[in-house]
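Taking it in order: structure first as structure tokens, then the write-up.
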Amino acid sequence: MKAANEMTEILTPSRSTVFVVDDDTAMRDSLRWLLESAQLNVQTCDSAEAFLAIARPDACGCLVLDVQMPGLSGPELMDELKRRHIHLPILFLSGHGDIPTVVQAMKGGAVDFLQKPYDNAQLLERIGQALTLDADSRDARRREFLRSQRLEGLTAREREILDQVVAGRSNKEVGRKLAISYKTVEAHRGRLMRKMGAASFAELLQMMLGGRRETI
């Protein structure tokens, strides 16, 4: 189930949404007005449980989360989202910003922690940063997923040659090490390059080092 969820999350396009979870109705309404005025897609929930009822692994965006709420607290919701492999960046917004709470939230993976009452400009800036972080993280997971899928399509010999080539060995050196001819290495190398979708050795190396941006 985890693999299926990760595949859906990586490959399914979706509009970014700022999810707001806060038990204070006035606060939810205020945040909705602010975010919609900035042309952001917004969805609000009055509890952690209500958010969990709609949360999906393929959700794109970020989560603006209160700390102290009836039922599950903000940090408890963050832990539950990790268990469900839901990777939204979390920005805590709370009137109870004592140091231990802040430390717990940041160690748990929150990207920011702001105090109520908040500054509108600062909040919008931090939310923008969280949305960018989500897009970059999603793109990195997508590229890694595609790379893994292509690696699985290689034969054992192609994978062996790939490891040697990425280590910097020439075709002749690979042939000597694996006790096969130069021509055989060339043929395998050409096939593995096509399977990996790399037009050059530099491109293949970038892909294996996780530095290539791919399109499908």
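Residues are named by chain letter and number: chains run A, B, ... in the order of the structure tokens, numbers start at 1 in each chain, and ligands are numbered from 1 in the order shown.
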
Quiz item: Please, which residues of stretch 20-216 of chain A, numbered as in this document, come out strand (DSSP E) from DSSP, as a PyMOL selection string?
Solution: chain A and resi 20-21+42-45+61-65+90-94+112-115

Quiz prompt | Spatial neighbours of A:Met27, 12 Å, only C-alpha atoms, chain gap at least 3 places, as a ChimeraX atom specification | solution = /A:20-24,30-34,44-46,64-66,93-95,116-118

Quiz prompt | stretch 190-203 of chain A environment, 9 Å, only C-alpha atoms, sequence neighbours closer than 3 positions dropped, as a PyMOL selection string | solution = chain A and resi 147+150-151+153-155+158-159+161-162+165-166+185-187+206-208+212

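Nearest to A:Asp163 of all the residues A:Arg189, A:Arg84, A:Lys107, A:Arg126 is A:Arg189, counting only C-alpha atoms.
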
Exercise. Identify, with DSSP run on backbone atoms, the residues in stretch 72-131 of chain A assigned to helix (DSSP H, G or I), and express the list as number ranges by chain.
Key: A: 74-83, 99-107, 120-131

Quiz item: What lies within 7 Å of A:Leu131 using only C-alpha atoms, ignoring chain neighbours under 4 positions off, as a PyMOL selection string?
Solution: chain A and resi 61-62+127+135

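Each of A:Ser16, A:Arg157, A:Thr101, A:Gln39 was checked against A:Gly175 using only C-alpha atoms; the smallest atom-to-atom distance is that of A:Arg157.
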
So that I can see what lies close to A:Met78, please list as a PDB file with N, CA and C atoms, in the first residue's frame the residues with an atom at most 12 Å from it, counting only C-alpha atoms and leaving out residues fewer than 5 positions away in the same chain.
ATOM      1  N   VAL A  21      -5.754  24.320   9.827  1.00  0.00           N
ATOM      2  CA  VAL A  21      -6.410  23.530  10.874  1.00  0.00           C
ATOM      3  C   VAL A  21      -6.334  24.313  12.182  1.00  0.00           C
ATOM      4  N   ALA A  48      -7.997  18.453  14.130  1.00  0.00           N
ATOM      5  CA  ALA A  48      -7.050  17.540  13.496  1.00  0.00           C
ATOM      6  C   ALA A  48      -7.779  16.345  12.900  1.00  0.00           C
ATOM      7  N   GLU A  49      -8.801  15.875  13.612  1.00  0.00           N
ATOM      8  CA  GLU A  49      -9.553  14.725  13.129  1.00  0.00           C
ATOM      9  C   GLU A  49     -10.264  15.024  11.814  1.00  0.00           C
ATOM     10  N   PHE A  51      -9.267  17.138   9.571  1.00  0.00           N
ATOM     11  CA  PHE A  51      -8.258  17.169   8.515  1.00  0.00           C
ATOM     12  C   PHE A  51      -7.850  15.763   8.099  1.00  0.00           C
ATOM     13  N   LEU A  52      -7.685  14.868   9.071  1.00  0.00           N
ATOM     14  CA  LEU A  52      -7.294  13.499   8.750  1.00  0.00           C
ATOM     15  C   LEU A  52      -8.342  12.808   7.880  1.00  0.00           C
ATOM     16  N   ALA A  55      -7.308  14.153   4.406  1.00  0.00           N
ATOM     17  CA  ALA A  55      -5.889  14.176   4.036  1.00  0.00           C
ATOM     18  C   ALA A  55      -5.553  13.021   3.104  1.00  0.00           C
ATOM     19  N   LEU A  63       0.545  23.032   5.293  1.00  0.00           N
ATOM     20  CA  LEU A  63      -0.424  22.974   6.380  1.00  0.00           C
ATOM     21  C   LEU A  63      -0.110  24.046   7.403  1.00  0.00           C
ATOM     22  N   VAL A  64      -1.086  24.932   7.651  1.00  0.00           N
ATOM     23  CA  VAL A  64      -0.971  25.929   8.716  1.00  0.00           C
ATOM     24  C   VAL A  64      -1.742  25.365   9.901  1.00  0.00           C
ATOM     25  N   LEU A  65      -1.044  25.096  10.977  1.00  0.00           N
ATOM     26  CA  LEU A  65      -1.591  24.243  12.040  1.00  0.00           C
ATOM     27  C   LEU A  65      -1.515  24.896  13.416  1.00  0.00           C
ATOM     28  N   ASP A  66      -2.651  24.885  14.121  1.00  0.00           N
ATOM     29  CA  ASP A  66      -2.681  25.341  15.508  1.00  0.00           C
ATOM     30  C   ASP A  66      -2.019  24.283  16.390  1.00  0.00           C
ATOM     31  N   VAL A  67      -1.551  24.683  17.558  1.00  0.00           N
ATOM     32  CA  VAL A  67      -0.870  23.754  18.454  1.00  0.00           C
ATOM     33  C   VAL A  67      -1.849  23.078  19.406  1.00  0.00           C
ATOM     34  N   LEU A  72      -6.876  15.661  19.081  1.00  0.00           N
ATOM     35  CA  LEU A  72      -5.457  15.616  18.740  1.00  0.00           C
ATOM     36  C   LEU A  72      -4.867  17.024  18.715  1.00  0.00           C
ATOM     37  N   SER A  73      -3.710  17.186  19.308  1.00  0.00           N
ATOM     38  CA  SER A  73      -3.008  18.468  19.257  1.00  0.00           C
ATOM     39  C   SER A  73      -2.292  18.594  17.916  1.00  0.00           C
ATOM     40  N   ARG A  83       3.130   9.059   9.963  1.00  0.00           N
ATOM     41  CA  ARG A  83       2.791   7.636   9.935  1.00  0.00           C
ATOM     42  C   ARG A  83       2.055   7.277   8.648  1.00  0.00           C
ATOM     43  N   ARG A  84       1.256   8.212   8.153  1.00  0.00           N
ATOM     44  CA  ARG A  84       0.478   7.981   6.929  1.00  0.00           C
ATOM     45  C   ARG A  84       1.230   8.366   5.656  1.00  0.00           C
ATOM     46  N   HIS A  85       2.472   8.785   5.805  1.00  0.00           N
ATOM     47  CA  HIS A  85       3.316   9.168   4.661  1.00  0.00           C
ATOM     48  C   HIS A  85       2.713  10.342   3.883  1.00  0.00           C
ATOM     49  N   ILE A  86       2.210  11.310   4.630  1.00  0.00           N
ATOM     50  CA  ILE A  86       1.702  12.548   4.048  1.00  0.00           C
ATOM     51  C   ILE A  86       2.738  13.624   4.348  1.00  0.00           C
ATOM     52  N   HIS A  87       3.337  14.194   3.300  1.00  0.00           N
ATOM     53  CA  HIS A  87       4.563  14.983   3.454  1.00  0.00           C
ATOM     54  C   HIS A  87       4.370  16.491   3.358  1.00  0.00           C
ATOM     55  N   LEU A  88       3.215  17.002   3.666  1.00  0.00           N
ATOM     56  CA  LEU A  88       3.000  18.448   3.579  1.00  0.00           C
ATOM     57  C   LEU A  88       3.906  19.202   4.547  1.00  0.00           C
ATOM     58  N   PRO A  89       4.574  20.277   4.095  1.00  0.00           N
ATOM     59  CA  PRO A  89       5.309  21.131   5.042  1.00  0.00           C
ATOM     60  C   PRO A  89       4.325  21.746   6.039  1.00  0.00           C
ATOM     61  N   ILE A  90       4.747  21.803   7.299  1.00  0.00           N
ATOM     62  CA  ILE A  90       3.865  22.290   8.362  1.00  0.00           C
ATOM     63  C   ILE A  90       4.408  23.568   8.970  1.00  0.00           C
ATOM     64  N   LEU A  91       3.540  24.560   9.032  1.00  0.00           N
ATOM     65  CA  LEU A  91       3.853  25.831   9.678  1.00  0.00           C
ATOM     66  C   LEU A  91       2.915  25.972  10.868  1.00  0.00           C
ATOM     67  N   PHE A  92       3.473  25.952  12.080  1.00  0.00           N
ATOM     68  CA  PHE A  92       2.654  26.099  13.278  1.00  0.00           C
ATOM     69  C   PHE A  92       2.347  27.577  13.523  1.00  0.00           C
ATOM     70  N   GLN A 104       9.906  21.181  20.233  1.00  0.00           N
ATOM     71  CA  GLN A 104       9.257  19.920  19.853  1.00  0.00           C
ATOM     72  C   GLN A 104       8.766  19.976  18.404  1.00  0.00           C
ATOM     73  N   ALA A 105       8.150  21.095  18.044  1.00  0.00           N
ATOM     74  CA  ALA A 105       7.613  21.233  16.688  1.00  0.00           C
ATOM     75  C   ALA A 105       8.727  21.219  15.651  1.00  0.00           C
ATOM     76  N   MET A 106       9.803  21.949  15.886  1.00  0.00           N
ATOM     77  CA  MET A 106      10.877  22.031  14.908  1.00  0.00           C
ATOM     78  C   MET A 106      11.636  20.706  14.801  1.00  0.00           C
ATOM     79  N   LYS A 107      11.847  20.026  15.931  1.00  0.00           N
ATOM     80  CA  LYS A 107      12.493  18.718  15.885  1.00  0.00           C
ATOM     81  C   LYS A 107      11.610  17.711  15.155  1.00  0.00           C
ATOM     82  N   GLY A 108      10.297  17.900  15.252  1.00  0.00           N
ATOM     83  CA  GLY A 108       9.377  16.997  14.586  1.00  0.00           C
ATOM     84  C   GLY A 108       9.295  17.206  13.095  1.00  0.00           C
ATOM     85  N   GLY A 109       9.904  18.276  12.589  1.00  0.00           N
ATOM     86  CA  GLY A 109       9.936  18.499  11.154  1.00  0.00           C
ATOM     87  C   GLY A 109       9.161  19.704  10.670  1.00  0.00           C
ATOM     88  N   ALA A 110       8.587  20.499  11.584  1.00  0.00           N
ATOM     89  CA  ALA A 110       7.882  21.705  11.151  1.00  0.00           C
ATOM     90  C   ALA A 110       8.856  22.653  10.464  1.00  0.00           C
ATOM     91  N   VAL A 111       8.359  23.377   9.452  1.00  0.00           N
ATOM     92  CA  VAL A 111       9.238  24.294   8.731  1.00  0.00           C
ATOM     93  C   VAL A 111       9.277  25.674   9.372  1.00  0.00           C
TER      94      VAL A 111
END

Exercise. In Å, rounded to a single decimal, give me how far atom CA of A:Pro75 is from atom CA of A:Ala53.
Key: 17.2 Å

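You will find atom CA of A:Leu77 at 26.6 Å from atom CA of A:Ala38.
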
Exercise. Please indicate the distance in Å from atom CA of A:Ser170 to atom CA of A:Leu205, rounded to one decimal place.
Key: 13.7 Å

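Candidate residues A:Asn120, A:Glu36, A:Leu209, A:Met69 were compared for distance to A:Ala50, and the nearest is A:Met69, using only C-alpha atoms.
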